[in-house]
Amino acid sequence: YLRPIPNLHIAAPRTADDLRRLLIEAQYMTFPLAIRYPRGKIPENCPEAMNQSAQTMQATQLLQGEDVAVLTIGPIGNIAYHAIVDAGLNIALYDMRWLKPLDNACLDSIGKHYRKVVTIEDGILNGGLGSAVAEYMAQKGYPVQITRLGVDDQFVEHGSTAELFHLLHLDKEGIADSLTALCEPKEKPIK
């Protein structure tokens, strides 16, 4: 019989610097902590990276935008960053950094300012970031349309990270296509 661990915190670093900082600071944390170790090679540091203490447990806004708010966790945020920038989309991007506890202040701000929210994660959708964000937004009564990108609860073939991301449409092109479709108006104006 498995009992839930009280006050368990779950972090997912986006860059090698984030991981390094988290591992150093973890030894001083007084609560149970799980760190989702990134698979494959992750960037050492990124121009858009923030030197923020892991102990603040706050999300980091990487891009300003007005059409859609994209929330990522872990290294998939790097792919989403390049997909948004290269496609020239007017989309806000947030690195949530912590799955538990969620940054409620960040989610409140997003819920008040955006009508479309996309979560992107390189893990199972059921019970992941998208589920937690959808539950929080519903509980608070924010009228947002939530789109979750991630791994369905199904068997995934073996392969390199790049091959799997392509197969799951979580590579730069797949993410850009999904986000572009959300930004396009549903109806064209009548002339």
# chains A, B, ... in the order shown; residues from 1 in each chain; ligands from 1
>>> select_by_dssp(residues="chain A", states="helix (DSSP H, G or I)", output="MDAnalysis selection string")
chainID A and resid 16:26 54:56 76:87 104:113 129:140 161:167 172:183
>>> write_last_selection(atoms="C-alpha atoms", output="short mmCIF file (atom, residue, chain, number, x, y, z; two decimals), in the first residue's frame")
data_model
loop_
_atom_site.label_atom_id
_atom_site.label_comp_id
_atom_site.auth_asym_id
_atom_site.auth_seq_id
_atom_site.Cartn_x
_atom_site.Cartn_y
_atom_site.Cartn_z
CA ALA A 16 21.89 22.35 -17.25
CA ASP A 17 22.43 25.49 -15.16
CA ASP A 18 18.93 25.10 -13.67
CA LEU A 19 19.69 21.46 -12.86
CA ARG A 20 23.05 22.30 -11.32
CA ARG A 21 21.55 25.09 -9.19
CA LEU A 22 18.69 22.86 -8.08
CA LEU A 23 21.01 20.02 -7.05
CA ILE A 24 23.18 22.38 -5.01
CA GLU A 25 20.23 24.06 -3.29
CA ALA A 26 18.36 20.77 -2.71
CA ALA A 54 15.35 27.15 -7.08
CA GLN A 55 13.97 27.95 -3.65
CA THR A 56 11.71 30.72 -4.98
CA ILE A 76 10.66 20.85 -23.70
CA GLY A 77 10.49 24.58 -22.91
CA ASN A 78 13.63 25.10 -25.00
CA ILE A 79 11.96 23.52 -28.02
CA ALA A 80 8.79 25.55 -27.47
CA TYR A 81 10.87 28.74 -27.20
CA HIS A 82 12.49 28.18 -30.60
CA ALA A 83 9.19 27.07 -32.18
CA ILE A 84 7.49 30.31 -31.09
CA VAL A 85 10.37 32.62 -32.03
CA ASP A 86 11.08 30.98 -35.41
CA ALA A 87 7.38 31.01 -36.36
CA ASN A 104 -0.55 29.92 -8.22
CA ALA A 105 0.23 33.64 -8.59
CA CYS A 106 1.47 33.01 -12.13
CA LEU A 107 -1.58 30.89 -12.96
CA ASP A 108 -3.91 33.59 -11.58
CA SER A 109 -2.25 36.21 -13.77
CA ILE A 110 -2.53 33.94 -16.83
CA GLY A 111 -6.18 33.11 -16.05
CA LYS A 112 -7.04 36.82 -15.87
CA HIS A 113 -5.20 37.88 -19.05
CA LEU A 129 1.22 19.67 -15.83
CA GLY A 130 -1.75 20.03 -18.20
CA SER A 131 -4.07 18.19 -15.82
CA ALA A 132 -2.92 20.28 -12.85
CA VAL A 133 -3.34 23.56 -14.76
CA ALA A 134 -6.78 22.57 -16.08
CA GLU A 135 -7.91 21.61 -12.57
CA TYR A 136 -6.63 24.88 -11.10
CA MET A 137 -8.24 27.04 -13.81
CA ALA A 138 -11.58 25.21 -13.41
CA GLN A 139 -11.45 25.52 -9.63
CA LYS A 140 -10.84 29.27 -9.90
CA THR A 161 14.73 11.84 -28.13
CA ALA A 162 14.59 13.65 -31.48
CA GLU A 163 12.84 10.69 -33.16
CA LEU A 164 10.30 10.36 -30.37
CA PHE A 165 9.55 14.09 -30.26
CA HIS A 166 8.97 14.02 -34.03
CA LEU A 167 6.69 10.98 -33.73
CA LYS A 172 9.89 22.32 -33.07
CA GLU A 173 7.80 21.87 -36.23
CA GLY A 174 4.99 19.98 -34.46
CA ILE A 175 4.74 22.53 -31.67
CA ALA A 176 4.83 25.44 -34.15
CA ASP A 177 2.02 23.84 -36.19
CA SER A 178 -0.15 23.32 -33.10
CA LEU A 179 0.41 26.87 -31.84
CA THR A 180 -0.09 28.47 -35.27
CA ALA A 181 -3.46 26.71 -35.59
CA LEU A 182 -4.54 28.17 -32.24
CA CYS A 183 -3.53 31.70 -33.23
#
>>> residues_around(residues="Gly150 of chain A", least_positions_apart="5", cutoff="6 Å", atoms="only C-alpha atoms", output="count of residues only")
5
>>> closest_residue(among="A:Ile124, A:Ile35, A:Met29, A:Ala12", to="Ile73 of chain A", atoms="only C-alpha atoms")
A:Ala12
>>> decode(residues="segment 64-80 of chain A", atoms="all heavy atoms", output="PDB file, in the first residue's frame")
ATOM      1  N   GLN A  64       7.157  37.407 -24.009  1.00  0.00           N
ATOM      2  CA  GLN A  64       5.931  38.199 -23.888  1.00  0.00           C
ATOM      3  C   GLN A  64       5.055  37.889 -25.095  1.00  0.00           C
ATOM      4  O   GLN A  64       5.561  37.627 -26.174  1.00  0.00           O
ATOM      5  CB  GLN A  64       6.267  39.694 -23.900  1.00  0.00           C
ATOM      6  CG  GLN A  64       7.208  40.142 -22.801  1.00  0.00           C
ATOM      7  CD  GLN A  64       6.514  40.273 -21.465  1.00  0.00           C
ATOM      8  OE1 GLN A  64       5.308  40.484 -21.395  1.00  0.00           O
ATOM      9  NE2 GLN A  64       7.273  40.132 -20.394  1.00  0.00           N
ATOM     10  N   GLY A  65       3.756  37.933 -24.918  1.00  0.00           N
ATOM     11  CA  GLY A  65       2.845  37.710 -26.032  1.00  0.00           C
ATOM     12  C   GLY A  65       1.411  37.951 -25.610  1.00  0.00           C
ATOM     13  O   GLY A  65       1.114  38.026 -24.422  1.00  0.00           O
ATOM     14  N   GLU A  66       0.534  38.072 -26.602  1.00  0.00           N
ATOM     15  CA  GLU A  66      -0.847  38.412 -26.296  1.00  0.00           C
ATOM     16  C   GLU A  66      -1.860  37.376 -26.754  1.00  0.00           C
ATOM     17  O   GLU A  66      -2.954  37.302 -26.207  1.00  0.00           O
ATOM     18  CB  GLU A  66      -1.190  39.765 -26.934  1.00  0.00           C
ATOM     19  CG  GLU A  66      -0.370  40.904 -26.363  1.00  0.00           C
ATOM     20  CD  GLU A  66      -0.667  42.231 -27.030  1.00  0.00           C
ATOM     21  OE1 GLU A  66      -1.692  42.323 -27.725  1.00  0.00           O
ATOM     22  OE2 GLU A  66       0.125  43.156 -26.850  1.00  0.00           O
ATOM     23  N   ASP A  67      -1.553  36.576 -27.767  1.00  0.00           N
ATOM     24  CA  ASP A  67      -2.549  35.675 -28.331  1.00  0.00           C
ATOM     25  C   ASP A  67      -2.844  34.476 -27.435  1.00  0.00           C
ATOM     26  O   ASP A  67      -3.993  34.125 -27.197  1.00  0.00           O
ATOM     27  CB  ASP A  67      -2.115  35.173 -29.708  1.00  0.00           C
ATOM     28  CG  ASP A  67      -2.026  36.293 -30.727  1.00  0.00           C
ATOM     29  OD1 ASP A  67      -2.711  37.316 -30.539  1.00  0.00           O
ATOM     30  OD2 ASP A  67      -1.278  36.152 -31.705  1.00  0.00           O
ATOM     31  N   VAL A  68      -1.792  33.843 -26.951  1.00  0.00           N
ATOM     32  CA  VAL A  68      -1.902  32.588 -26.215  1.00  0.00           C
ATOM     33  C   VAL A  68      -0.821  32.578 -25.135  1.00  0.00           C
ATOM     34  O   VAL A  68       0.241  33.168 -25.315  1.00  0.00           O
ATOM     35  CB  VAL A  68      -1.666  31.375 -27.168  1.00  0.00           C
ATOM     36  CG1 VAL A  68      -1.705  30.052 -26.431  1.00  0.00           C
ATOM     37  CG2 VAL A  68      -2.677  31.376 -28.303  1.00  0.00           C
ATOM     38  N   ALA A  69      -1.100  31.895 -24.012  1.00  0.00           N
ATOM     39  CA  ALA A  69      -0.073  31.660 -22.998  1.00  0.00           C
ATOM     40  C   ALA A  69       0.317  30.190 -23.063  1.00  0.00           C
ATOM     41  O   ALA A  69      -0.543  29.310 -22.995  1.00  0.00           O
ATOM     42  CB  ALA A  69      -0.592  31.998 -21.614  1.00  0.00           C
ATOM     43  N   VAL A  70       1.598  29.922 -23.233  1.00  0.00           N
ATOM     44  CA  VAL A  70       2.115  28.562 -23.281  1.00  0.00           C
ATOM     45  C   VAL A  70       2.878  28.299 -21.992  1.00  0.00           C
ATOM     46  O   VAL A  70       3.747  29.074 -21.613  1.00  0.00           O
ATOM     47  CB  VAL A  70       3.039  28.346 -24.507  1.00  0.00           C
ATOM     48  CG1 VAL A  70       3.698  26.979 -24.461  1.00  0.00           C
ATOM     49  CG2 VAL A  70       2.264  28.527 -25.800  1.00  0.00           C
ATOM     50  N   LEU A  71       2.541  27.200 -21.334  1.00  0.00           N
ATOM     51  CA  LEU A  71       3.187  26.803 -20.094  1.00  0.00           C
ATOM     52  C   LEU A  71       3.924  25.500 -20.336  1.00  0.00           C
ATOM     53  O   LEU A  71       3.328  24.525 -20.815  1.00  0.00           O
ATOM     54  CB  LEU A  71       2.156  26.600 -18.984  1.00  0.00           C
ATOM     55  CG  LEU A  71       1.507  27.828 -18.371  1.00  0.00           C
ATOM     56  CD1 LEU A  71       0.712  28.619 -19.369  1.00  0.00           C
ATOM     57  CD2 LEU A  71       0.620  27.437 -17.221  1.00  0.00           C
ATOM     58  N   THR A  72       5.220  25.480 -20.037  1.00  0.00           N
ATOM     59  CA  THR A  72       6.025  24.276 -20.226  1.00  0.00           C
ATOM     60  C   THR A  72       6.678  23.900 -18.911  1.00  0.00           C
ATOM     61  O   THR A  72       6.751  24.700 -17.981  1.00  0.00           O
ATOM     62  CB  THR A  72       7.125  24.484 -21.285  1.00  0.00           C
ATOM     63  OG1 THR A  72       8.057  25.468 -20.807  1.00  0.00           O
ATOM     64  CG2 THR A  72       6.544  24.920 -22.613  1.00  0.00           C
ATOM     65  N   ILE A  73       7.174  22.684 -18.867  1.00  0.00           N
ATOM     66  CA  ILE A  73       7.955  22.251 -17.710  1.00  0.00           C
ATOM     67  C   ILE A  73       9.090  21.368 -18.216  1.00  0.00           C
ATOM     68  O   ILE A  73       8.882  20.493 -19.066  1.00  0.00           O
ATOM     69  CB  ILE A  73       7.079  21.514 -16.665  1.00  0.00           C
ATOM     70  CG1 ILE A  73       7.874  21.307 -15.391  1.00  0.00           C
ATOM     71  CG2 ILE A  73       6.487  20.245 -17.212  1.00  0.00           C
ATOM     72  CD1 ILE A  73       7.026  21.106 -14.162  1.00  0.00           C
ATOM     73  N   GLY A  74      10.294  21.661 -17.769  1.00  0.00           N
ATOM     74  CA  GLY A  74      11.448  20.878 -18.183  1.00  0.00           C
ATOM     75  C   GLY A  74      12.030  21.328 -19.516  1.00  0.00           C
ATOM     76  O   GLY A  74      11.674  22.379 -20.049  1.00  0.00           O
ATOM     77  N   PRO A  75      12.920  20.516 -20.082  1.00  0.00           N
ATOM     78  CA  PRO A  75      13.644  20.875 -21.304  1.00  0.00           C
ATOM     79  C   PRO A  75      12.773  21.106 -22.533  1.00  0.00           C
ATOM     80  O   PRO A  75      13.205  21.749 -23.480  1.00  0.00           O
ATOM     81  CB  PRO A  75      14.577  19.681 -21.535  1.00  0.00           C
ATOM     82  CG  PRO A  75      14.680  18.999 -20.232  1.00  0.00           C
ATOM     83  CD  PRO A  75      13.397  19.256 -19.511  1.00  0.00           C
ATOM     84  N   ILE A  76      11.539  20.616 -22.553  1.00  0.00           N
ATOM     85  CA  ILE A  76      10.659  20.849 -23.700  1.00  0.00           C
ATOM     86  C   ILE A  76      10.419  22.348 -23.884  1.00  0.00           C
ATOM     87  O   ILE A  76      10.112  22.812 -24.975  1.00  0.00           O
ATOM     88  CB  ILE A  76       9.327  20.066 -23.553  1.00  0.00           C
ATOM     89  CG1 ILE A  76       8.574  20.002 -24.879  1.00  0.00           C
ATOM     90  CG2 ILE A  76       8.433  20.676 -22.508  1.00  0.00           C
ATOM     91  CD1 ILE A  76       8.881  18.826 -25.702  1.00  0.00           C
ATOM     92  N   GLY A  77      10.621  23.120 -22.823  1.00  0.00           N
ATOM     93  CA  GLY A  77      10.487  24.579 -22.910  1.00  0.00           C
ATOM     94  C   GLY A  77      11.470  25.192 -23.885  1.00  0.00           C
ATOM     95  O   GLY A  77      11.168  26.205 -24.522  1.00  0.00           O
ATOM     96  N   ASN A  78      12.641  24.595 -24.035  1.00  0.00           N
ATOM     97  CA  ASN A  78      13.627  25.097 -24.996  1.00  0.00           C
ATOM     98  C   ASN A  78      13.131  24.917 -26.425  1.00  0.00           C
ATOM     99  O   ASN A  78      13.306  25.785 -27.272  1.00  0.00           O
ATOM    100  CB  ASN A  78      14.966  24.390 -24.804  1.00  0.00           C
ATOM    101  CG  ASN A  78      15.521  24.595 -23.414  1.00  0.00           C
ATOM    102  OD1 ASN A  78      15.567  25.711 -22.912  1.00  0.00           O
ATOM    103  ND2 ASN A  78      15.922  23.519 -22.767  1.00  0.00           N
ATOM    104  N   ILE A  79      12.499  23.780 -26.689  1.00  0.00           N
ATOM    105  CA  ILE A  79      11.962  23.516 -28.021  1.00  0.00           C
ATOM    106  C   ILE A  79      10.809  24.470 -28.303  1.00  0.00           C
ATOM    107  O   ILE A  79      10.704  25.047 -29.382  1.00  0.00           O
ATOM    108  CB  ILE A  79      11.528  22.043 -28.148  1.00  0.00           C
ATOM    109  CG1 ILE A  79      12.739  21.120 -27.954  1.00  0.00           C
ATOM    110  CG2 ILE A  79      10.854  21.785 -29.494  1.00  0.00           C
ATOM    111  CD1 ILE A  79      12.391  19.650 -27.823  1.00  0.00           C
ATOM    112  N   ALA A  80       9.934  24.637 -27.310  1.00  0.00           N
ATOM    113  CA  ALA A  80       8.792  25.545 -27.475  1.00  0.00           C
ATOM    114  C   ALA A  80       9.268  26.979 -27.721  1.00  0.00           C
ATOM    115  O   ALA A  80       8.710  27.689 -28.562  1.00  0.00           O
ATOM    116  CB  ALA A  80       7.897  25.491 -26.245  1.00  0.00           C
TER     117      ALA A  80
END
